[in-house]
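Listing of coords06.json, JSON, C-alpha atoms
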```json
[["chain", "number", "residue", "atom", "x", "y", "z"],
["A", 20, "MET", "CA", 124.47, 169.72, -106.49],
["A", 21, "ASP", "CA", 127.31, 171.85, -107.86],
["A", 22, "HIS", "CA", 130.97, 171.39, -106.91],
["A", 23, "ASN", "CA", 131.01, 174.13, -104.25],
["A", 24, "GLU", "CA", 127.87, 172.78, -102.59],
["A", 25, "GLN", "CA", 129.33, 169.25, -102.68],
["A", 26, "SER", "CA", 132.55, 170.52, -101.09],
["A", 27, "LYS", "CA", 130.63, 172.28, -98.31],
["A", 28, "MET", "CA", 128.58, 169.14, -97.63],
["A", 29, "THR", "CA", 131.72, 166.97, -97.57],
["A", 30, "LEU", "CA", 133.40, 169.30, -95.07],
["A", 31, "ALA", "CA", 130.30, 169.27, -92.86],
["A", 32, "VAL", "CA", 130.23, 165.44, -92.88],
["A", 33, "VAL", "CA", 133.91, 165.20, -91.94],
["A", 34, "LYS", "CA", 133.72, 167.86, -89.23],
["A", 35, "ALA", "CA", 130.65, 166.20, -87.68],
["A", 36, "MET", "CA", 132.52, 162.88, -87.59],
["A", 37, "GLU", "CA", 135.59, 164.49, -86.01],
["A", 38, "GLU", "CA", 133.39, 166.16, -83.39],
["A", 39, "ALA", "CA", 131.81, 162.79, -82.60],
["A", 40, "LEU", "CA", 135.27, 161.20, -82.19],
["A", 41, "SER", "CA", 136.45, 164.01, -79.92],
["A", 42, "THR", "CA", 133.40, 163.65, -77.66],
["A", 43, "ASN", "CA", 133.84, 159.85, -77.36],
["A", 44, "SER", "CA", 130.66, 159.11, -79.30],
["A", 45, "ASN", "CA", 129.69, 155.47, -79.47],
["A", 46, "ASN", "CA", 127.24, 156.20, -82.31],
["A", 47, "MET", "CA", 129.49, 156.52, -85.35],
["A", 48, "GLU", "CA", 127.08, 154.81, -87.78],
["A", 49, "LYS", "CA", 125.57, 158.13, -88.79],
["A", 50, "HIS", "CA", 128.95, 159.28, -90.16],
["A", 51, "PHE", "CA", 130.15, 156.20, -92.07],
["A", 52, "HIS", "CA", 128.92, 154.39, -95.15],
["A", 53, "LYS", "CA", 127.98, 150.69, -94.78],
["A", 54, "ASP", "CA", 130.99, 149.81, -96.98],
["A", 55, "PHE", "CA", 133.42, 151.98, -94.96],
["A", 56, "ARG", "CA", 137.16, 151.23, -95.16],
["A", 57, "TRP", "CA", 139.98, 152.75, -93.06],
["A", 58, "MET", "CA", 143.50, 152.35, -94.44],
["A", 59, "GLY", "CA", 146.37, 153.30, -92.15],
["A", 60, "ASN", "CA", 150.12, 153.42, -92.46],
["A", 61, "ASN", "CA", 152.36, 150.65, -91.10],
["A", 62, "GLY", "CA", 151.56, 150.13, -87.43],
["A", 63, "CYS", "CA", 147.99, 151.41, -87.76],
["A", 64, "GLY", "CA", 146.55, 148.56, -89.81],
["A", 65, "THR", "CA", 143.59, 148.43, -92.17],
["A", 66, "LYS", "CA", 139.95, 148.31, -91.05],
["A", 67, "LYS", "CA", 137.43, 146.89, -93.52],
["A", 68, "SER", "CA", 134.28, 148.01, -91.69],
["A", 69, "LEU", "CA", 133.01, 150.42, -89.07],
["A", 70, "GLU", "CA", 133.03, 147.55, -86.56],
["A", 71, "GLU", "CA", 136.74, 146.90, -87.24],
["A", 72, "PHE", "CA", 137.44, 150.64, -87.04],
["A", 73, "ARG", "CA", 135.71, 150.82, -83.68],
["A", 74, "ASN", "CA", 137.24, 147.64, -82.21],
["A", 75, "ASN", "CA", 140.73, 147.94, -83.71],
["A", 76, "TRP", "CA", 141.29, 151.71, -83.72],
["A", 77, "GLN", "CA", 138.76, 153.88, -81.88],
["A", 78, "LEU", "CA", 138.56, 151.84, -78.65],
["A", 79, "PRO", "CA", 142.29, 150.95, -78.44],
["A", 80, "LEU", "CA", 143.15, 154.65, -78.94],
["A", 81, "ARG", "CA", 140.79, 155.55, -76.10],
["A", 82, "ALA", "CA", 142.31, 152.82, -73.92],
["A", 83, "ALA", "CA", 145.89, 154.00, -74.55],
["A", 84, "PHE", "CA", 145.34, 157.77, -74.51],
["A", 85, "SER", "CA", 142.98, 159.74, -72.30],
["A", 86, "ASP", "CA", 142.21, 163.44, -72.04],
["A", 87, "ARG", "CA", 142.35, 163.65, -75.86],
["A", 88, "ILE", "CA", 142.08, 167.07, -77.47],
["A", 89, "TYR", "CA", 141.79, 167.07, -81.26],
["A", 90, "ASN", "CA", 143.63, 169.93, -82.99],
["A", 91, "THR", "CA", 143.04, 169.94, -86.73],
["A", 92, "ASP", "CA", 145.23, 172.62, -88.27],
["A", 93, "LYS", "CA", 143.80, 172.68, -91.78],
["A", 94, "PHE", "CA", 141.04, 171.08, -93.83],
["A", 95, "LEU", "CA", 141.21, 170.93, -97.62],
["A", 96, "VAL", "CA", 138.08, 170.00, -99.58],
["A", 97, "ASP", "CA", 137.41, 169.23, -103.23],
["A", 98, "GLY", "CA", 133.95, 167.90, -104.05],
["A", 99, "GLU", "CA", 133.54, 164.45, -102.48],
["A", 100, "TRP", "CA", 137.10, 164.53, -101.11],
["A", 101, "ALA", "CA", 138.46, 166.09, -97.94],
["A", 102, "SER", "CA", 141.79, 165.96, -96.16],
["A", 103, "CYS", "CA", 143.30, 167.42, -93.04],
["A", 104, "PHE", "CA", 146.38, 167.46, -90.88],
["A", 105, "GLY", "CA", 146.73, 168.08, -87.18],
["A", 106, "HIS", "CA", 147.44, 166.37, -83.90],
["A", 107, "ILE", "CA", 145.78, 165.00, -80.82],
["A", 108, "ASP", "CA", 147.08, 166.15, -77.44],
["A", 109, "ALA", "CA", 146.59, 163.26, -75.02],
["A", 110, "ILE", "CA", 147.79, 161.57, -71.85],
["A", 111, "HIS", "CA", 149.46, 158.16, -72.28],
["A", 112, "SER", "CA", 147.28, 156.47, -69.65],
["A", 113, "GLY", "CA", 147.05, 152.91, -71.00],
["A", 114, "GLU", "CA", 149.32, 150.42, -72.71],
["A", 115, "PHE", "CA", 150.48, 151.50, -76.17],
["A", 116, "MET", "CA", 152.53, 149.17, -78.38],
["A", 117, "GLY", "CA", 153.68, 147.25, -75.33],
["A", 118, "ILE", "CA", 154.64, 150.38, -73.37],
["A", 119, "ALA", "CA", 153.07, 150.64, -69.93],
["A", 120, "PRO", "CA", 151.27, 153.91, -69.13],
["A", 121, "THR", "CA", 153.66, 156.79, -68.46],
["A", 122, "ASN", "CA", 151.06, 159.51, -67.84],
["A", 123, "LYS", "CA", 153.08, 161.72, -70.20],
["A", 124, "ARG", "CA", 151.24, 164.21, -72.39],
["A", 125, "VAL", "CA", 151.99, 163.41, -76.04],
["A", 126, "LYS", "CA", 151.16, 164.81, -79.47],
["A", 127, "ILE", "CA", 149.73, 162.32, -81.94],
["A", 128, "HIS", "CA", 150.30, 163.82, -85.40],
["A", 129, "TYR", "CA", 147.90, 162.69, -88.16],
["A", 130, "THR", "CA", 146.94, 163.25, -91.77],
["A", 131, "ASP", "CA", 143.57, 162.06, -93.11],
["A", 132, "PHE", "CA", 142.06, 161.79, -96.58],
["A", 133, "TRP", "CA", 138.34, 160.99, -96.83],
["A", 134, "GLU", "CA", 136.01, 160.12, -99.66],
["A", 135, "VAL", "CA", 132.35, 160.92, -99.00],
["A", 136, "LYS", "CA", 129.53, 159.17, -100.90],
["A", 137, "ASP", "CA", 125.83, 159.80, -100.32],
["A", 138, "GLY", "CA", 126.63, 162.04, -97.35],
["A", 139, "LEU", "CA", 128.68, 159.36, -95.54],
["A", 140, "ILE", "CA", 132.41, 158.62, -95.30],
["A", 141, "ILE", "CA", 133.17, 155.56, -97.40],
["A", 142, "ASP", "CA", 136.99, 155.57, -97.40],
["A", 143, "ASN", "CA", 139.57, 157.04, -95.04],
["A", 144, "TRP", "CA", 143.31, 156.96, -95.74],
["A", 145, "VAL", "CA", 145.25, 157.77, -92.59],
["A", 146, "THR", "CA", 148.83, 158.45, -91.60],
["A", 147, "VAL", "CA", 149.59, 158.58, -87.87],
["A", 148, "ASP", "CA", 153.15, 159.39, -86.79],
["A", 149, "PHE", "CA", 153.76, 156.39, -84.54],
["A", 150, "PRO", "CA", 157.57, 156.89, -84.47],
["A", 151, "SER", "CA", 157.00, 160.37, -83.02],
["A", 152, "ILE", "CA", 154.62, 159.04, -80.35],
["A", 153, "LEU", "CA", 157.12, 156.33, -79.43],
["A", 154, "SER", "CA", 159.94, 158.89, -79.27],
["A", 155, "GLN", "CA", 157.87, 160.96, -76.84],
["A", 156, "LEU", "CA", 157.63, 157.78, -74.74],
["A", 157, "ASP", "CA", 161.45, 157.39, -74.86],
["A", 158, "VAL", "CA", 161.52, 154.66, -77.52],
["A", 159, "ASP", "CA", 163.73, 155.39, -80.55],
["A", 160, "VAL", "CA", 162.51, 153.06, -83.29],
["A", 161, "PHE", "CA", 165.38, 154.28, -85.49],
["A", 162, "LYS", "CA", 168.03, 153.44, -82.88],
["A", 163, "GLY", "CA", 169.81, 156.77, -83.42],
["A", 164, "GLN", "CA", 169.88, 156.33, -87.20],
["A", 165, "GLY", "CA", 166.92, 158.56, -88.06],
["A", 166, "TRP", "CA", 167.78, 161.23, -90.60],
["A", 167, "GLU", "CA", 167.33, 163.88, -87.93],
["A", 168, "ALA", "CA", 170.90, 162.86, -87.00],
["A", 169, "TYR", "CA", 171.95, 164.39, -90.36],
["A", 170, "ASP", "CA", 170.15, 167.61, -89.47],
["A", 171, "ARG", "CA", 171.96, 167.77, -86.11],
["A", 172, "GLY", "CA", 175.32, 167.05, -87.78],
["A", 173, "GLU", "CA", 175.81, 163.82, -85.80],
["A", 174, "ILE", "CA", 176.03, 161.57, -88.88],
["A", 175, "ALA", "CA", 177.23, 162.49, -92.38],
["A", 176, "PRO", "CA", 174.57, 161.66, -94.97],
["A", 177, "ALA", "CA", 175.51, 159.22, -97.71],
["A", 178, "LYS", "CA", 175.96, 160.61, -101.20],
["A", 179, "PRO", "CA", 175.42, 158.71, -104.48],
["A", 180, "ASN", "CA", 178.51, 157.73, -106.47]]
```
Would you mind writing the structure in this file as structure tokens?
Amino acid sequence: MDHNEQSKMTLAVVKAMEEALSTNSNNMEKHFHKDFRWMGNNGCGTKKSLEEFRNNWQLPLRAAFSDRIYNTDKFLVDGEWASCFGHIDAIHSGEFMGIAPTNKRVKIHYTDFWEVKDGLIIDNWVTVDFPSILSQLDVDVFKGQGWEAYDRGEIAPAKPN
């Protein structure tokens, strides 16, 4: 298979998996390699198998956020690698990080990088913007010291000596 064909196949694998997630599929085995790993940023954790992904990410996300609409803005593909960025629009309808349901609609911004082997996703590196979600739920994890305060002119940024 040449590089362009591999890239097209990789994109098809990733898009099929995303479609399955967005439709609440409980049959994710057909998208993930038996040695699948999911590596998230701080707060998301690391999942060393599809079972851990399901129990420690997929189901808790469903429990915390309902009426999820996946909005992937852009896919980039290079052979066995794919990445994307986008957001999920969702209702905060279950507990999330100790916060009781607010029924607020939130945007869950994400970036994903996937490696596909033998037509299945083997590795997934993920960044989910938890501070943004928490801010939308009226929790400022930066306690007013986020660098957005520089942008608003509220705090003068430090300069090196």
A:Trp144, A:Phe149, A:Trp133, A:Phe115 ranked by distance to Asn61 (chain A), top pick (using only C-alpha atoms): A:Phe149
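Taking CA of Lys67 (chain A) and CA of Val135 (chain A) as the two end points, the separation is 15.9 Å.
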Which residues are close to region 91-104 of chain A, i.e. within 12 Å by all atoms listed in the file, leaving aside same-chain residues fewer than 5 positions away? Reply as number ranges by chain. A: 20-34, 37-38, 41, 127-148
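What separates CA of Glu70 (chain A) from CA of Ser44 (chain A) is a distance of 13.9 Å.
Across the model, the gap from CA of Asn60 (chain A) to CA of Arg171 (chain A) is 26.9 Å.
Close contacts of Ser68 (chain A), defined as residues with an atom at most 10 Å away when counting all atoms listed in the file, with chain neighbours fewer than 4 positions off set aside, comprise Phe51, His52, Lys53, Asp54, Phe55, Arg56, Trp57, Phe72, Arg73, Asn74, Ile141 and Asp142 of chain A.
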Let me make sure I understand: among A:Ile118, A:Ser154, A:Cys63, A:Ile88, which one has the smallest atom-to-atom distance to Asn43 (chain A) if we use only C-alpha atoms? A:Ile88
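Across A:Glu114, A:Ile152, A:Asp86, A:Val125, the tightest approach to Thr42 (chain A) is made by A:Asp86 when counting all atoms listed in the file.
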